[in-house]
Amino acid sequence: MPQEWEQLLGVQWPSNACDRSGECCRGAAQAAPWENLLKNAAEGDLTARAFLSQFIPYATLEEANQNAPHAVQASTEIAIARNINPQDLIFYHCRYLQGKSDCQVYEDRPALCRDFPESPFGAIPACCGYYPVAQSCLSSIETLKQELASLKDKQNALNSTDSTKF
């Protein structure tokens with residue numbers, strides 16, 4: 001997390017809170033259909049290319065739910081909050097994962113994994129070591145939103161008072 005965000009949110013983001021639950025590896029989600037990601041990757045989209053070089057789609061939602069129930073739940077909740085139809089989510093698992101949480105390339109893992117979670121506002125499952133600090137970030141964001149709304153109300157009140165003086 002950028003240092004500016006830490007200061008703004010008043011949250012110390014841990015350098016490595018990963019508890020190796022493997023949920024992020026077994027339950028990555030995209031709202032874009034696999035075919036669209038494949039097309040984007042073929043057209044040079046480096047993010048789509050990196051994602052598809054690492055992740056394989058599950059055949060069914062049931063299979064994803066069996067392997068990564070917490071990640072499926074977290075992604076579904078985020079989708080609903082963002083007005084995305086949860087039915088549009090496609091779940092993936094990492095090709096480098098063996099068993100529940102043994103990464104076969106951990107020392108040389110892709111940037112996508114090294115940088116997880118790039119943002120605390122994505123779908124972080126409750127079983128993830130980053131979850132508590134992500135919740136603190138979300139709480140701080142809500143507090144900042146309330147403070148901003150209050151400041152806007154005060155500004156509007158001042159503006160209406162000033163306009164009645166003329």
# chains A, B, ... in the order shown; residues from 1 in each chain; ligands from 1

$ closest_atom_pairs --of "segment 5-63 of chain A" --to "segment 98-106 of chain A" --cutoff "7 Å" --atoms "only C-alpha atoms" --output "Markdown table"
| residue | atom | partner | partner_atom | distance |
| --- | --- | --- | --- | --- |
| A:Arg20 | CA | A:Ser101 | CA | 6.1 |
| A:Ser21 | CA | A:Ser101 | CA | 5.9 |
| A:Gly22 | CA | A:Ser101 | CA | 4.4 |

$ write_last_selection --atoms "C-alpha atoms" --output "tab-separated table (two decimals), in the first residue's frame"
chain	number	residue	atom	x	y	z
A	20	ARG	CA	-0.49	-18.96	3.26
A	21	SER	CA	-4.14	-20.04	3.43
A	22	GLY	CA	-4.07	-20.30	-0.36

$ select_by_dssp --residues "chain A" --states "strand (DSSP E or B)" --output "PyMOL selection string"
chain A and resi 28-30+55-57+90-94+97-98+102-103

$ write_last_selection --atoms "N, CA and C atoms" --output "mmCIF file, in the first residue's frame"
data_model
loop_
_atom_site.group_PDB
_atom_site.id
_atom_site.type_symbol
_atom_site.label_atom_id
_atom_site.label_comp_id
_atom_site.auth_asym_id
_atom_site.auth_seq_id
_atom_site.Cartn_x
_atom_site.Cartn_y
_atom_site.Cartn_z
ATOM 1 N N ALA A 28 -9.205 -16.759 -7.275
ATOM 2 C CA ALA A 28 -9.135 -15.470 -7.974
ATOM 3 C C ALA A 28 -10.390 -15.319 -8.826
ATOM 4 N N ALA A 29 -10.883 -14.096 -8.941
ATOM 5 C CA ALA A 29 -12.133 -13.860 -9.684
ATOM 6 C C ALA A 29 -11.968 -12.717 -10.666
ATOM 7 N N GLN A 30 -12.670 -12.832 -11.767
ATOM 8 C CA GLN A 30 -12.748 -11.785 -12.781
ATOM 9 C C GLN A 30 -14.204 -11.675 -13.205
ATOM 10 N N PHE A 55 -3.347 -18.237 -14.128
ATOM 11 C CA PHE A 55 -4.602 -18.765 -13.600
ATOM 12 C C PHE A 55 -5.399 -19.552 -14.634
ATOM 13 N N ILE A 56 -6.045 -20.599 -14.143
ATOM 14 C CA ILE A 56 -6.860 -21.496 -14.962
ATOM 15 C C ILE A 56 -8.301 -21.399 -14.453
ATOM 16 N N PRO A 57 -9.280 -21.243 -15.364
ATOM 17 C CA PRO A 57 -10.674 -21.136 -14.882
ATOM 18 C C PRO A 57 -11.203 -22.469 -14.361
ATOM 19 N N ILE A 90 -16.159 -15.113 -12.927
ATOM 20 C CA ILE A 90 -15.492 -16.350 -13.325
ATOM 21 C C ILE A 90 -14.376 -16.557 -12.300
ATOM 22 N N PHE A 91 -14.307 -17.750 -11.718
ATOM 23 C CA PHE A 91 -13.303 -18.044 -10.702
ATOM 24 C C PHE A 91 -12.181 -18.888 -11.292
ATOM 25 N N TYR A 92 -10.990 -18.612 -10.797
ATOM 26 C CA TYR A 92 -9.777 -19.237 -11.316
ATOM 27 C C TYR A 92 -8.932 -19.789 -10.173
ATOM 28 N N HIS A 93 -8.035 -20.700 -10.524
ATOM 29 C CA HIS A 93 -7.055 -21.196 -9.562
ATOM 30 C C HIS A 93 -5.674 -21.130 -10.205
ATOM 31 N N CYS A 94 -4.681 -20.983 -9.366
ATOM 32 C CA CYS A 94 -3.309 -20.823 -9.834
ATOM 33 C C CYS A 94 -2.733 -22.166 -10.276
ATOM 34 N N LEU A 97 -0.094 -23.890 -7.812
ATOM 35 C CA LEU A 97 -0.498 -24.339 -6.480
ATOM 36 C C LEU A 97 -0.590 -25.858 -6.447
ATOM 37 N N GLN A 98 -0.003 -26.424 -5.424
ATOM 38 C CA GLN A 98 -0.105 -27.866 -5.217
ATOM 39 C C GLN A 98 -0.749 -28.076 -3.859
ATOM 40 N N ASP A 102 0.382 -24.986 -1.102
ATOM 41 C CA ASP A 102 1.814 -25.113 -1.387
ATOM 42 C C ASP A 102 2.127 -24.553 -2.768
ATOM 43 N N CYS A 103 2.785 -23.400 -2.786
ATOM 44 C CA CYS A 103 3.172 -22.762 -4.043
ATOM 45 C C CYS A 103 4.475 -23.396 -4.525
#

$ residues_around --residues "segment 38-53 of chain A" --least-positions-apart "4" --cutoff "9 Å" --atoms "only C-alpha atoms" --output "PyMOL selection string"
chain A and resi 33-34+57+95+110-112

$ select_by_dssp --residues "chain A" --states "helix (DSSP H, G or I)" --output "PyMOL selection string"
chain A and resi 3-9+23-26+34-42+46-54+61-67+69-81+86-88+106-108+111-114+131-164

$ atom_distance --atom1 "atom CA of Ala68 of chain A" --atom2 "atom CA of Cys127 of chain A"
10.4 Å

$ residues_around --residues "segment 9-17 of chain A" --least-positions-apart "4" --cutoff "9 Å" --atoms "only C-alpha atoms" --output "tab-separated table (two decimals) with N, CA and C atoms, in the first residue's frame"
chain	number	residue	atom	x	y	z
A	1	MET	N	0.86	-1.17	0.00
A	1	MET	CA	0.00	0.00	0.00
A	1	MET	C	0.90	1.23	0.00
A	3	GLN	N	2.58	4.63	0.84
A	3	GLN	CA	2.77	5.27	2.14
A	3	GLN	C	1.76	6.40	2.38
A	4	GLU	N	1.40	7.12	1.30
A	4	GLU	CA	0.43	8.20	1.45
A	4	GLU	C	-0.91	7.67	1.94
A	5	TRP	N	-1.30	6.49	1.45
A	5	TRP	CA	-2.56	5.89	1.87
A	5	TRP	C	-2.48	5.52	3.34
A	128	CYS	N	-7.95	-14.73	5.30
A	128	CYS	CA	-6.65	-14.21	4.87
A	128	CYS	C	-6.00	-13.39	5.99
A	129	GLY	N	-4.69	-13.49	6.10
A	129	GLY	CA	-3.96	-12.73	7.10
A	129	GLY	C	-4.06	-11.22	6.91
A	130	TYR	N	-4.36	-10.78	5.68
A	130	TYR	CA	-4.50	-9.35	5.41
A	130	TYR	C	-5.89	-8.81	5.76
A	133	VAL	N	-6.43	-5.90	8.61
A	133	VAL	CA	-5.96	-4.57	8.25
A	133	VAL	C	-6.78	-4.00	7.10
A	134	ALA	N	-7.26	-4.84	6.21
A	134	ALA	CA	-8.14	-4.37	5.13
A	134	ALA	C	-9.43	-3.82	5.72
A	136	SER	N	-9.73	-2.47	8.64
A	136	SER	CA	-9.36	-1.18	9.25
A	136	SER	C	-9.33	-0.09	8.19
A	137	CYS	N	-8.81	-0.43	7.01
A	137	CYS	CA	-8.77	0.54	5.91
A	137	CYS	C	-10.18	0.94	5.50
A	138	LEU	N	-11.06	-0.04	5.36
A	138	LEU	CA	-12.44	0.25	4.96
A	138	LEU	C	-13.14	1.10	6.01
A	139	SER	N	-12.88	0.82	7.27
A	139	SER	CA	-13.47	1.62	8.35
A	139	SER	C	-12.97	3.06	8.29
A	140	SER	N	-11.67	3.23	8.04
A	140	SER	CA	-11.10	4.58	7.93
A	140	SER	C	-11.70	5.33	6.74
A	141	ILE	N	-11.92	4.62	5.65
A	141	ILE	CA	-12.52	5.24	4.46
A	141	ILE	C	-13.92	5.74	4.79
A	144	LEU	N	-13.67	8.89	6.79
A	144	LEU	CA	-13.28	10.01	5.93
A	144	LEU	C	-14.47	10.49	5.08
